[in-house]
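Peer 1: work_19.txt is the file, holding compact mmCIF, C-alpha atoms:
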```
# COMPACT_ATOMS: atom_id res chain seq x y z
CA MET X 1 -35.43 23.76 -0.76
CA PRO X 2 -32.50 24.60 1.50
CA ALA X 3 -29.08 24.12 -0.04
CA ALA X 4 -27.19 20.98 0.87
CA PRO X 5 -24.64 21.59 3.61
CA ARG X 6 -21.14 22.25 2.31
CA PHE X 7 -18.16 21.15 4.36
CA SER X 8 -15.21 23.48 4.73
CA PRO X 9 -11.84 22.49 3.20
CA ARG X 10 -10.48 22.07 6.74
CA THR X 11 -13.27 19.64 7.67
CA LEU X 12 -12.75 17.65 4.48
CA GLY X 13 -8.99 17.58 5.01
CA ILE X 14 -9.26 16.37 8.61
CA GLY X 15 -11.88 13.79 7.64
CA ALA X 16 -9.71 12.53 4.79
CA ALA X 17 -6.71 12.19 7.13
CA ILE X 18 -8.74 10.22 9.68
CA VAL X 19 -10.14 7.87 7.05
CA THR X 20 -6.72 7.31 5.46
CA VAL X 21 -5.01 6.46 8.74
CA LEU X 22 -7.87 4.19 9.84
CA VAL X 23 -7.95 2.28 6.54
CA TRP X 24 -4.17 1.84 6.42
CA THR X 25 -4.18 0.67 10.04
CA ALA X 26 -7.11 -1.69 9.49
CA PHE X 27 -5.41 -3.11 6.39
CA ILE X 28 -2.62 -4.57 8.52
CA VAL X 29 -4.87 -5.90 11.29
CA ILE X 30 -7.54 -7.34 8.97
CA ALA X 31 -5.03 -8.90 6.58
CA ARG X 32 -3.42 -10.76 9.48
CA ALA X 33 -6.82 -11.86 10.83
CA SER X 34 -7.74 -13.08 7.33
CA ALA X 35 -4.73 -15.40 7.31
CA GLY X 36 -6.51 -17.62 9.84
CA ARG X 37 -9.70 -17.98 7.84
CA SER X 38 -10.65 -19.70 4.58
CA LEU X 39 -8.87 -17.85 1.78
CA THR X 40 -5.28 -18.15 0.57
CA PRO X 41 -3.18 -15.02 -0.01
CA PHE X 42 -3.75 -15.42 -3.76
CA ASP X 43 -7.51 -15.63 -3.16
CA ILE X 44 -7.41 -12.42 -1.11
CA ALA X 45 -5.45 -10.68 -3.86
CA PHE X 46 -8.08 -11.90 -6.34
CA ALA X 47 -10.88 -10.47 -4.17
CA ARG X 48 -8.98 -7.19 -3.70
CA ILE X 49 -8.47 -6.70 -7.43
CA CYS X 50 -12.05 -7.67 -8.31
CA GLY X 51 -13.51 -5.37 -5.66
CA ALA X 52 -11.42 -2.40 -6.75
CA SER X 53 -12.11 -3.13 -10.43
CA LEU X 54 -15.87 -2.84 -9.94
CA VAL X 55 -15.30 0.87 -9.28
CA LEU X 56 -12.06 1.77 -11.03
CA VAL X 57 -12.35 -0.04 -14.38
CA PRO X 58 -15.57 1.82 -15.40
CA TRP X 59 -14.05 5.03 -14.01
CA GLY X 60 -10.94 4.52 -16.14
CA ALA X 61 -13.02 3.79 -19.26
CA TRP X 62 -14.97 7.01 -18.69
CA LEU X 63 -11.79 9.08 -18.26
CA VAL X 64 -10.25 7.63 -21.42
CA ALA X 65 -13.43 8.11 -23.47
CA ARG X 66 -13.61 11.75 -22.38
CA ALA X 67 -9.92 12.35 -23.16
CA ARG X 68 -10.18 10.72 -26.59
CA ARG X 69 -12.72 13.31 -27.72
CA SER X 70 -9.82 15.72 -28.16
CA ASP X 71 -6.92 13.25 -28.55
CA PRO X 72 -7.64 9.74 -29.91
CA ALA X 73 -4.20 8.54 -28.76
CA GLN X 74 -5.06 8.89 -25.07
CA GLY X 75 -5.27 5.86 -22.79
CA SER X 76 -4.09 2.26 -23.07
CA LEU X 77 -5.15 -1.35 -22.41
CA PHE X 78 -8.29 -1.36 -24.53
CA GLY X 79 -9.25 2.14 -23.43
CA LEU X 80 -9.49 1.24 -19.75
CA SER X 81 -6.30 2.81 -18.36
CA PRO X 82 -5.93 6.62 -18.43
CA VAL X 83 -2.12 6.20 -18.28
CA PRO X 84 0.21 5.33 -21.21
CA LEU X 85 0.92 1.63 -21.73
CA ARG X 86 4.52 1.45 -20.52
CA ALA X 87 3.84 3.32 -17.29
CA THR X 88 0.67 1.28 -16.73
CA VAL X 89 2.51 -2.04 -17.08
CA VAL X 90 5.49 -1.12 -14.90
CA ALA X 91 3.41 0.57 -12.20
CA GLY X 92 0.78 -2.16 -12.34
CA LEU X 93 3.34 -4.95 -12.05
CA PHE X 94 4.83 -3.50 -8.85
CA GLY X 95 1.92 -1.61 -7.29
CA GLY X 96 -1.01 -3.68 -8.50
CA LEU X 97 0.27 -7.26 -8.40
CA ALA X 98 3.57 -7.80 -6.59
CA TYR X 99 2.76 -5.59 -3.59
CA ALA X 100 -0.56 -7.30 -2.83
CA LEU X 101 0.72 -10.86 -3.38
CA LEU X 102 3.82 -10.36 -1.23
CA ALA X 103 2.03 -8.49 1.56
CA TYR X 104 -0.84 -10.96 1.89
CA SER X 105 1.58 -13.90 1.78
CA GLY X 106 3.61 -12.33 4.58
CA PHE X 107 0.65 -12.31 6.94
CA PHE X 108 0.47 -16.12 6.71
CA TYR X 109 3.92 -16.37 8.35
CA ALA X 110 4.48 -13.32 10.56
CA PRO X 111 2.28 -11.40 13.02
CA ALA X 112 0.73 -8.02 12.33
CA THR X 113 3.03 -6.37 14.88
CA HIS X 114 5.95 -7.21 12.58
CA ALA X 115 4.08 -5.90 9.54
CA SER X 116 3.23 -2.66 11.35
CA VAL X 117 6.95 -1.92 11.68
CA LEU X 118 8.48 -3.50 8.59
CA MET X 119 6.07 -2.39 5.86
CA PRO X 120 5.60 1.30 6.76
CA GLY X 121 9.18 1.40 8.04
CA SER X 122 10.85 -0.11 4.98
CA LEU X 123 8.83 1.99 2.54
CA PRO X 124 10.66 5.34 3.05
CA LEU X 125 13.98 3.46 3.13
CA TRP X 126 13.46 1.72 -0.21
CA THR X 127 11.89 4.84 -1.74
CA ALA X 128 14.83 7.03 -0.77
CA VAL X 129 17.38 4.54 -2.10
CA LEU X 130 15.53 4.01 -5.39
CA ALA X 131 14.92 7.74 -5.83
CA ALA X 132 18.64 8.38 -5.33
CA VAL X 133 19.60 5.71 -7.88
CA VAL X 134 16.86 6.17 -10.49
CA LEU X 135 15.91 9.84 -10.12
CA HIS X 136 19.26 11.10 -8.79
CA ASP X 137 17.70 12.61 -5.68
CA ARG X 138 20.15 13.99 -3.15
CA LEU X 139 20.26 12.24 0.21
CA THR X 140 20.57 15.05 2.74
CA PRO X 141 22.26 14.40 6.11
CA ALA X 142 18.90 14.71 7.88
CA ARG X 143 17.32 12.14 5.60
CA VAL X 144 20.27 9.78 6.03
CA CYS X 145 19.89 10.03 9.82
CA GLY X 146 16.18 9.27 9.55
CA LEU X 147 16.86 6.29 7.29
CA ALA X 148 19.50 5.01 9.72
CA LEU X 149 16.92 5.03 12.52
CA ILE X 150 14.52 3.09 10.28
CA VAL X 151 17.18 0.47 9.48
CA LEU X 152 17.93 0.01 13.18
CA GLY X 153 14.22 -0.37 13.91
CA ASP X 154 13.79 -2.93 11.14
CA LEU X 155 16.79 -4.90 12.38
CA LEU X 156 15.43 -4.99 15.91
CA VAL X 157 12.18 -6.48 14.63
CA GLY X 158 13.29 -8.69 11.75
CA GLY X 159 16.78 -9.54 12.97
CA ALA X 160 15.52 -11.72 15.81
CA SER X 161 13.39 -13.86 13.50
CA LEU X 162 16.27 -14.23 11.04
CA LEU X 163 18.48 -15.52 13.86
CA HIS X 164 15.90 -18.25 14.53
CA ALA X 165 15.62 -19.25 10.87
CA PHE X 166 17.89 -22.28 11.30
CA GLU X 167 15.80 -23.45 14.24
CA GLY X 168 12.83 -24.06 11.99
CA GLY X 169 10.91 -20.84 12.60
CA GLN X 170 8.63 -19.34 9.94
CA ILE X 171 8.35 -15.71 11.05
CA TRP X 172 11.46 -14.65 9.13
CA LYS X 173 9.73 -15.60 5.87
CA GLY X 174 6.91 -13.18 6.63
CA ASP X 175 9.39 -10.44 7.61
CA LEU X 176 11.21 -10.80 4.29
CA LEU X 177 7.89 -10.79 2.42
CA PHE X 178 6.82 -7.59 4.21
CA MET X 179 10.06 -5.84 3.30
CA SER X 180 9.79 -7.11 -0.28
CA ALA X 181 6.24 -5.77 -0.48
CA ALA X 182 7.49 -2.38 0.71
CA PHE X 183 10.23 -2.52 -1.93
CA CYS X 184 7.64 -3.17 -4.65
CA TRP X 185 5.50 -0.24 -3.47
CA ALA X 186 8.62 1.95 -3.49
CA CYS X 187 9.23 0.87 -7.11
CA TYR X 188 5.66 1.86 -7.90
CA SER X 189 6.07 5.22 -6.15
CA VAL X 190 9.29 6.02 -8.03
CA THR X 191 7.67 4.94 -11.32
CA ALA X 192 4.70 7.20 -10.63
CA ARG X 193 7.02 10.08 -9.88
CA ARG X 194 9.19 9.46 -12.92
CA HIS X 195 6.19 9.54 -15.24
CA GLY X 196 4.42 12.34 -13.35
CA LEU X 197 1.32 10.25 -12.63
CA GLU X 198 -1.54 11.77 -10.67
CA ALA X 199 -2.55 9.60 -7.70
CA VAL X 200 -6.13 8.69 -8.70
CA ARG X 201 -5.24 7.98 -12.34
CA ALA X 202 -2.27 5.90 -11.20
CA THR X 203 -4.53 3.90 -8.88
CA ILE X 204 -6.94 3.27 -11.76
CA ALA X 205 -4.08 2.23 -14.05
CA ILE X 206 -2.56 -0.33 -11.67
CA THR X 207 -6.00 -1.79 -10.96
CA VAL X 208 -6.78 -2.13 -14.67
CA PHE X 209 -3.45 -3.88 -15.28
CA ALA X 210 -3.96 -6.21 -12.31
CA PHE X 211 -7.50 -7.02 -13.45
CA LEU X 212 -6.47 -7.88 -17.01
CA ALA X 213 -3.27 -9.72 -16.06
CA TYR X 214 -4.20 -11.56 -12.86
CA VAL X 215 -7.93 -12.17 -12.71
CA PRO X 216 -8.35 -14.26 -15.90
CA ALA X 217 -5.15 -16.25 -15.30
CA TYR X 218 -5.94 -17.00 -11.66
CA ALA X 219 -9.57 -17.82 -12.40
CA LEU X 220 -8.44 -20.33 -15.04
CA LEU X 221 -5.81 -21.91 -12.76
CA ALA X 222 -8.26 -22.07 -9.87
CA GLY X 223 -10.90 -23.65 -12.10
CA LEU X 224 -8.41 -26.30 -13.25
CA GLY X 225 -7.36 -26.99 -9.65
CA VAL X 226 -3.76 -25.90 -10.27
CA ALA X 227 -3.71 -22.79 -8.07
CA GLY X 228 -4.88 -24.47 -4.87
CA SER X 229 -7.61 -21.88 -4.47
CA ARG X 230 -10.22 -22.04 -1.71
CA LEU X 231 -12.64 -19.63 -3.36
CA ALA X 232 -15.14 -22.37 -4.17
CA SER X 233 -15.37 -23.56 -0.56
CA ALA X 234 -15.07 -20.22 1.24
CA PRO X 235 -18.20 -18.53 2.62
CA LEU X 236 -19.64 -15.94 0.24
CA GLY X 237 -19.73 -13.43 3.09
CA GLU X 238 -15.98 -13.71 3.58
CA ILE X 239 -15.31 -13.22 -0.13
CA ALA X 240 -17.68 -10.23 -0.26
CA PHE X 241 -16.02 -8.68 2.80
CA GLN X 242 -12.55 -9.00 1.24
CA MET X 243 -13.80 -7.44 -1.99
CA LEU X 244 -15.41 -4.60 -0.05
CA PHE X 245 -12.59 -3.83 2.37
CA GLN X 246 -9.44 -4.85 0.51
CA GLY X 247 -10.74 -3.62 -2.86
CA VAL X 248 -13.14 -0.73 -2.35
CA GLY X 249 -11.80 0.38 1.05
CA SER X 250 -8.06 -0.19 0.88
CA VAL X 251 -7.60 0.69 -2.80
CA VAL X 252 -10.39 3.06 -3.84
CA ILE X 253 -11.39 4.96 -0.71
CA SER X 254 -7.92 5.32 0.80
CA GLY X 255 -6.59 6.37 -2.61
CA ILE X 256 -9.11 9.20 -2.82
CA THR X 257 -8.81 10.28 0.82
CA PHE X 258 -5.01 10.24 0.65
CA THR X 259 -5.13 12.55 -2.36
CA ARG X 260 -7.55 14.85 -0.56
CA MET X 261 -5.34 14.89 2.52
CA ILE X 262 -2.34 15.89 0.38
CA GLN X 263 -4.36 18.73 -1.15
CA TYR X 264 -5.19 20.24 2.25
CA PHE X 265 -2.26 19.43 4.54
CA GLY X 266 0.50 19.33 1.93
CA PRO X 267 2.94 16.46 1.37
CA VAL X 268 5.14 16.98 4.45
CA ARG X 269 2.41 17.18 7.08
CA SER X 270 0.49 14.37 5.36
CA THR X 271 3.46 12.04 5.58
CA MET X 272 3.86 12.95 9.26
CA ILE X 273 0.19 12.10 9.82
CA THR X 274 0.59 8.69 8.19
CA ALA X 275 3.53 8.03 10.54
CA LEU X 276 0.78 7.22 13.07
CA VAL X 277 0.06 3.98 11.19
CA PRO X 278 2.90 1.82 12.63
CA GLY X 279 1.95 2.58 16.23
CA LEU X 280 -1.80 2.29 15.73
CA SER X 281 -1.58 -0.96 13.77
CA ALA X 282 0.75 -2.49 16.36
CA LEU X 283 -1.68 -1.46 19.11
CA GLY X 284 -4.56 -2.90 17.08
CA ALA X 285 -2.71 -6.21 16.70
CA VAL X 286 -2.24 -6.41 20.46
CA VAL X 287 -5.83 -5.45 21.31
CA PHE X 288 -7.81 -7.24 18.58
CA LEU X 289 -5.54 -10.16 17.71
CA GLY X 290 -3.98 -10.82 21.10
CA GLU X 291 -0.44 -10.61 19.72
CA PRO X 292 2.39 -10.08 22.23
CA MET X 293 4.37 -6.85 22.20
CA HIS X 294 7.96 -7.70 23.09
CA TRP X 295 10.63 -5.14 23.96
CA ASN X 296 12.32 -5.39 20.54
CA LEU X 297 9.01 -4.62 18.80
CA ILE X 298 8.44 -1.57 20.98
CA ALA X 299 12.00 -0.34 20.41
CA GLY X 300 11.78 -1.01 16.67
CA LEU X 301 8.44 0.77 16.46
CA LEU X 302 9.81 3.84 18.22
CA LEU X 303 12.92 3.94 16.04
CA VAL X 304 10.95 3.56 12.81
CA THR X 305 8.41 6.24 13.76
CA ALA X 306 11.20 8.59 14.85
CA GLY X 307 13.06 7.93 11.60
CA ILE X 308 10.01 8.75 9.49
CA LEU X 309 9.28 11.95 11.41
CA PHE X 310 12.92 13.04 11.52
CA GLY X 311 13.42 12.56 7.80
CA VAL X 312 10.10 14.06 6.71
CA GLN X 313 10.47 17.25 8.72
CA ARG X 314 13.48 18.17 6.67
CA MET X 315 12.44 16.79 3.29
CA ARG X 316 11.87 19.08 0.39
CA PRO X 317 8.12 19.18 -0.37
CA ALA X 318 8.59 18.06 -3.97
CA GLY X 319 10.43 14.98 -2.83
CA VAL X 320 7.64 13.84 -0.59
CA ALA X 321 4.78 14.74 -2.91
CA THR X 322 6.01 12.58 -5.71
CA ALA X 323 7.20 9.67 -3.64
CA ALA X 324 4.02 9.24 -1.62
CA VAL X 325 1.37 8.10 -4.04
CA ALA X 326 -1.80 6.42 -2.81
CA ARG X 327 -1.09 3.23 -0.90
CA GLY X 328 -2.82 0.31 0.77
```
Here is the file; what I need is its structure written in the form of C-alpha cells.
Peer 2:
Amino acid sequence: MPAAPRFSPRTLGIGAAIVTVLVWTAFIVIARASAGRSLTPFDIAFARICGASLVLVPWGAWLVARARRSDPAQGSLFGLSPVPLRATVVAGLFGGLAYALLAYSGFFYAPATHASVLMPGSLPLWTAVLAAVVLHDRLTPARVCGLALIVLGDLLVGGASLLHAFEGGQIWKGDLLFMSAAFCWACYSVTARRHGLEAVRATIAITVFAFLAYVPAYALLAGLGVAGSRLASAPLGEIAFQMLFQGVGSVVISGITFTRMIQYFGPVRSTMITALVPGLSALGAVVFLGEPMHWNLIAGLLLVTAGILFGVQRMRPAGVATAAVARG
C-alpha cells in the first residue's frame, strides 16, 4: 500500500494559521448572532464547557495517568488536570469561567463590531500592564506607543457608548463586559506564563476546572428554576451547534492550531497574523449580521490593529510567546 501523504511543516503551519484566524473571527460573529436566539449567555457557556470537556477531560485523564507511572504526585482535580492544583484553579477561574461568561454576556448588549475592536484590542493592553506589575516586564518605548494607539482605538469605540449611558443606552454595558473579558484572559495568560504552562495542557486544565466548578452548579440551578436557563426549551440542534463550535471548535481546535502556528511561524509573526482578527470580524459583522460600520469604529479598528502590529514588531520573542496562550 502506498504511504499516506505527509504534509510539509510549511503547509501545516499555514493551515494552522488559517484555521486559527477563521475560528477566532467566527467566534465573535457567531456569539453575537447567538444572542438573538434561544439560549442565555450562561447557557452558551454551559454548552461551550460541555462540548470542550467531551474531548479535553478524557485527554487530561490520559495525560495524568501516563505521568503518574513515573511520578504519582502528578496532576490534580481527581487526576483529570495535568497541571498542579493552584495553577489549575487560578487559570481556570479567569480563562475557563470568567472570560466565557463575560464575553457571551457582552454580546447581548453590544454589537460584534464593538467586540471585534475591544476584545482583541484590550487583550495586549491588559496583558502588558499585568506582565509589568506581576512579572516585572519592561515596557519599552515601542510597546508603550503601540499600547497608546490601542487605548485611543478603544476610546473611539467605547467612549461614544459611555457618553450615551445616561440616555438609557445599553451598548456601554457590552463594551465594559468585552473589556472585562479581555482583562480576564490577560490574567489567564500571565498566570500561564508565571507557571510555565504549555498551551495544550493549560487548555485542558482550565476546561477541567470549568467542568467541575460550573457544570454541576449550573445544572442544579437550572433544574431548580433559579438560573433562568432556556436549555429545556431550546432546540436540540442549537445546543449541539454551540457545543460543537464554541466547545470543540473555539476551545479545542483553535487551541491546537494556535500552538502549531506558534511552532512554525514563531511568537512574533503568529501574533501579527492574529492581528487580522479585528478587521475580519468587523467585516463579518457588517456582511453577515448587517451591523453598521460608523467612522469611529473604522478609526478605532485601524488604531487598534496598528497598535498591535507596532508593538509586536519590536517585542522580545520570549515576551510574546508566554503571553499569547491559546485563546477563544
Peer 1: Excluding segment 224-228 of chain X and residues on its chain fewer than 5 positions from it, collect all residues at most 12 Å away from it, counting all atoms listed in the file, and give them as a VMD selection string.
Peer 2: chain X and resid 39 to 43 46 217 to 219 233
Peer 1: Go through X:Trp24, X:Tyr99, X:Tyr188, X:Phe107 and flag the residue nearest Thr257 of chain X, using only C-alpha atoms for the distances.
Peer 2: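 Result for the nearest residue to Thr257 of chain X: X:Trp24.
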Peer 1: Need the shell around Ala100 of chain X: protein/DNA/RNA residues with any atom at most 8 Å away, counting all atoms listed in the file. Skip same-chain ones fewer than 5 positions apart. Format as a PDB file with C-alpha atoms, in the coordinates of the input?
Peer 2:
```
ATOM      1  CA  ALA X  45      -5.450 -10.680  -3.860  1.00  0.00           C
ATOM      2  CA  GLY X  95       1.920  -1.610  -7.290  1.00  0.00           C
ATOM      3  CA  ALA X 181       6.240  -5.770  -0.480  1.00  0.00           C
TER       4      ALA X 181
END
```
Peer 1: Taking only C-alpha atoms into account, which of X:Ala65, X:Ala33, X:Ala275, X:Leu118 comes nearest Gly79 of chain X?
Peer 2: X:Ala65
Peer 1: Rank nothing, just name the residue among X:Cys145, X:Ile30, X:Val304, X:Leu85 nearest to Ala73 of chain X, using all atoms listed in the file.
Peer 2: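 With all atoms listed in the file as the atom set, the closest residue is X:Leu85.
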Peer 1: Would you mind listing what lies within 9 Å of Ala61 of chain X as a PyMOL selection string, with only C-alpha atoms counted and same-chain residues fewer than 5 positions away left out?
Peer 2: chain X and resi 56+66+75+78-82
Peer 1: Dump C-alpha atoms for the selected residues as a JSON list (two decimals), keeping the file's coordinate frame?
Peer 2:
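Final output, part.json:
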```json
[["chain", "number", "residue", "atom", "x", "y", "z"],
["X", 56, "LEU", "CA", -12.06, 1.77, -11.03],
["X", 66, "ARG", "CA", -13.61, 11.75, -22.38],
["X", 75, "GLY", "CA", -5.27, 5.86, -22.79],
["X", 78, "PHE", "CA", -8.29, -1.36, -24.53],
["X", 79, "GLY", "CA", -9.25, 2.14, -23.43],
["X", 80, "LEU", "CA", -9.49, 1.24, -19.75],
["X", 81, "SER", "CA", -6.30, 2.81, -18.36],
["X", 82, "PRO", "CA", -5.93, 6.62, -18.43]]
```
Peer 1: Report the distance between atom CA of Phe108 of chain X and atom CA of Gly279 of chain X in Å, rounded to one decimal place.
Peer 2: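 Result for atom CA of Phe108 of chain X versus atom CA of Gly279 of chain X: 21.0 Å, one decimal.
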Peer 1: Between atom CA of Thr305 of chain X and atom CA of Val117 of chain X, what distance in Å does the model show, to one decimal?
Peer 2: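 Interatomic distance, atom CA of Thr305 of chain X to atom CA of Val117 of chain X: 8.5 Å.
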Peer 1: Step by step: start from the point (-12.0, -11.7, -2.5) in the file's coordinates, keep every protein, DNA or RNA residue that has an atom no farther than 7 Å from it, count all atoms listed in the file, and write the set as a PDB file with C-alpha atoms, keeping the file's coordinate frame.
Peer 2:
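As written to disk, result31.pdb reads:
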```pdb
ATOM      1  CA  ASP X  43      -7.510 -15.630  -3.160  1.00  0.00           C
ATOM      2  CA  ILE X  44      -7.410 -12.420  -1.110  1.00  0.00           C
ATOM      3  CA  ALA X  45      -5.450 -10.680  -3.860  1.00  0.00           C
ATOM      4  CA  PHE X  46      -8.080 -11.900  -6.340  1.00  0.00           C
ATOM      5  CA  ALA X  47     -10.880 -10.470  -4.170  1.00  0.00           C
ATOM      6  CA  ARG X  48      -8.980  -7.190  -3.700  1.00  0.00           C
ATOM      7  CA  ILE X 239     -15.310 -13.220  -0.130  1.00  0.00           C
ATOM      8  CA  ALA X 240     -17.680 -10.230  -0.260  1.00  0.00           C
ATOM      9  CA  GLN X 242     -12.550  -9.000   1.240  1.00  0.00           C
ATOM     10  CA  MET X 243     -13.800  -7.440  -1.990  1.00  0.00           C
TER      11      MET X 243
END
```
Peer 1: For the atom pair atom CA of Thr274 of chain X and atom CA of Val21 of chain X, what is the interatomic distance in Å to one decimal place?
Peer 2: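 Between these atoms lies a distance of 6.1 Å.
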Peer 1: Counting all atoms listed in the file, figure out which residue out of X:Leu135, X:Gly169, X:Ser70, X:Phe183 gets nearest to Ala98 of chain X.
Peer 2: X:Phe183
Peer 1: Here is a test: counting only C-alpha atoms, which residue of X:Ile262, X:Ile204, X:Leu302, X:Val286 is nearest to Trp59 of chain X?
Peer 2: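 The closest residue to Trp59 of chain X is X:Ile204.
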Peer 1: In terms of the shortest atom-to-atom distance over all atoms listed in the file, which of X:Gly196, X:Pro141, X:Gly249, X:Gly153 is closest to Asn296 of chain X?
Peer 2: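 Smallest separation from Asn296 of chain X among the options: X:Gly153.
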Peer 1: Near Leu177 of chain X, counting all atoms listed in the file, which residues have an atom at most 9 Å away, once you skip same-chain residues fewer than 6 positions from it, shown as a PDB file with C-alpha atoms, in the frame of the given file?
Peer 2:
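The new file out_18.pdb reads:
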```
ATOM      1  CA  LEU X 102       3.820 -10.360  -1.230  1.00  0.00           C
ATOM      2  CA  ALA X 103       2.030  -8.490   1.560  1.00  0.00           C
ATOM      3  CA  TYR X 104      -0.840 -10.960   1.890  1.00  0.00           C
ATOM      4  CA  SER X 105       1.580 -13.900   1.780  1.00  0.00           C
ATOM      5  CA  GLY X 106       3.610 -12.330   4.580  1.00  0.00           C
ATOM      6  CA  PHE X 107       0.650 -12.310   6.940  1.00  0.00           C
TER       7      PHE X 107
END
```
Peer 1: Excluding segment 258-260 of chain X and residues on its chain fewer than 6 positions from it, collect all residues at most 7 Å away from it, counting only C-alpha atoms, and give them as a VMD selection string.
Peer 2: chain X and resid 13 16 to 17 20 199 326
Peer 1: Based on the selection just made, write C-alpha atoms of those residues as an mmCIF file, keeping the file's coordinate frame.
Peer 2:
```
data_model
loop_
_atom_site.group_PDB
_atom_site.id
_atom_site.type_symbol
_atom_site.label_atom_id
_atom_site.label_comp_id
_atom_site.auth_asym_id
_atom_site.auth_seq_id
_atom_site.Cartn_x
_atom_site.Cartn_y
_atom_site.Cartn_z
ATOM 1 C CA GLY X 13 -8.990 17.580 5.010
ATOM 2 C CA ALA X 16 -9.710 12.530 4.790
ATOM 3 C CA ALA X 17 -6.710 12.190 7.130
ATOM 4 C CA THR X 20 -6.720 7.310 5.460
ATOM 5 C CA ALA X 199 -2.550 9.600 -7.700
ATOM 6 C CA ALA X 326 -1.800 6.420 -2.810
#
```
Peer 1: Rebuild segment 284-299 of chain X to N, CA, C and O atoms - output it as a CSV table (one decimal), in the frame of the given file, please.
Peer 2:
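The resulting out_37.csv:
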```
chain,number,residue,atom,x,y,z
X,284,GLY,N,-3.4,-2.1,17.5
X,284,GLY,CA,-4.6,-2.9,17.1
X,284,GLY,C,-4.3,-4.4,17.1
X,284,GLY,O,-5.2,-5.2,17.4
X,285,ALA,N,-3.1,-4.8,16.7
X,285,ALA,CA,-2.7,-6.2,16.7
X,285,ALA,C,-2.7,-6.8,18.1
X,285,ALA,O,-3.1,-7.9,18.3
X,286,VAL,N,-2.3,-6.0,19.1
X,286,VAL,CA,-2.2,-6.4,20.5
X,286,VAL,C,-3.7,-6.5,21.0
X,286,VAL,O,-4.0,-7.5,21.7
X,287,VAL,N,-4.5,-5.5,20.7
X,287,VAL,CA,-5.8,-5.4,21.3
X,287,VAL,C,-6.8,-6.4,20.6
X,287,VAL,O,-7.5,-7.2,21.3
X,288,PHE,N,-6.8,-6.5,19.3
X,288,PHE,CA,-7.8,-7.2,18.6
X,288,PHE,C,-7.4,-8.7,18.2
X,288,PHE,O,-8.2,-9.6,18.1
X,289,LEU,N,-6.0,-8.9,18.1
X,289,LEU,CA,-5.5,-10.2,17.7
X,289,LEU,C,-4.8,-10.9,18.8
X,289,LEU,O,-4.4,-12.1,18.7
X,290,GLY,N,-4.6,-10.2,20.0
X,290,GLY,CA,-4.0,-10.8,21.1
X,290,GLY,C,-2.5,-11.1,20.9
X,290,GLY,O,-2.0,-12.0,21.5
X,291,GLU,N,-1.9,-10.4,20.0
X,291,GLU,CA,-0.4,-10.6,19.7
X,291,GLU,C,0.4,-10.0,20.8
X,291,GLU,O,0.1,-8.9,21.3
X,292,PRO,N,1.5,-10.6,21.2
X,292,PRO,CA,2.4,-10.1,22.2
X,292,PRO,C,3.2,-8.9,21.7
X,292,PRO,O,3.5,-8.9,20.5
X,293,MET,N,3.5,-8.0,22.6
X,293,MET,CA,4.4,-6.8,22.2
X,293,MET,C,5.7,-6.9,23.0
X,293,MET,O,5.7,-6.5,24.1
X,294,HIS,N,6.7,-7.5,22.4
X,294,HIS,CA,8.0,-7.7,23.1
X,294,HIS,C,8.8,-6.4,23.0
X,294,HIS,O,8.5,-5.5,22.3
X,295,TRP,N,9.8,-6.4,23.8
X,295,TRP,CA,10.6,-5.1,24.0
X,295,TRP,C,11.2,-4.7,22.6
X,295,TRP,O,11.3,-3.6,22.3
X,296,ASN,N,11.7,-5.7,21.8
X,296,ASN,CA,12.3,-5.4,20.5
X,296,ASN,C,11.3,-4.8,19.6
X,296,ASN,O,11.7,-3.9,18.7
X,297,LEU,N,10.0,-5.2,19.7
X,297,LEU,CA,9.0,-4.6,18.8
X,297,LEU,C,8.7,-3.2,19.2
X,297,LEU,O,8.6,-2.3,18.3
X,298,ILE,N,8.7,-2.9,20.5
X,298,ILE,CA,8.4,-1.6,21.0
X,298,ILE,C,9.6,-0.7,20.6
X,298,ILE,O,9.4,0.4,20.1
X,299,ALA,N,10.8,-1.1,20.8
X,299,ALA,CA,12.0,-0.3,20.4
X,299,ALA,C,12.1,-0.1,18.9
X,299,ALA,O,12.3,1.0,18.4
```
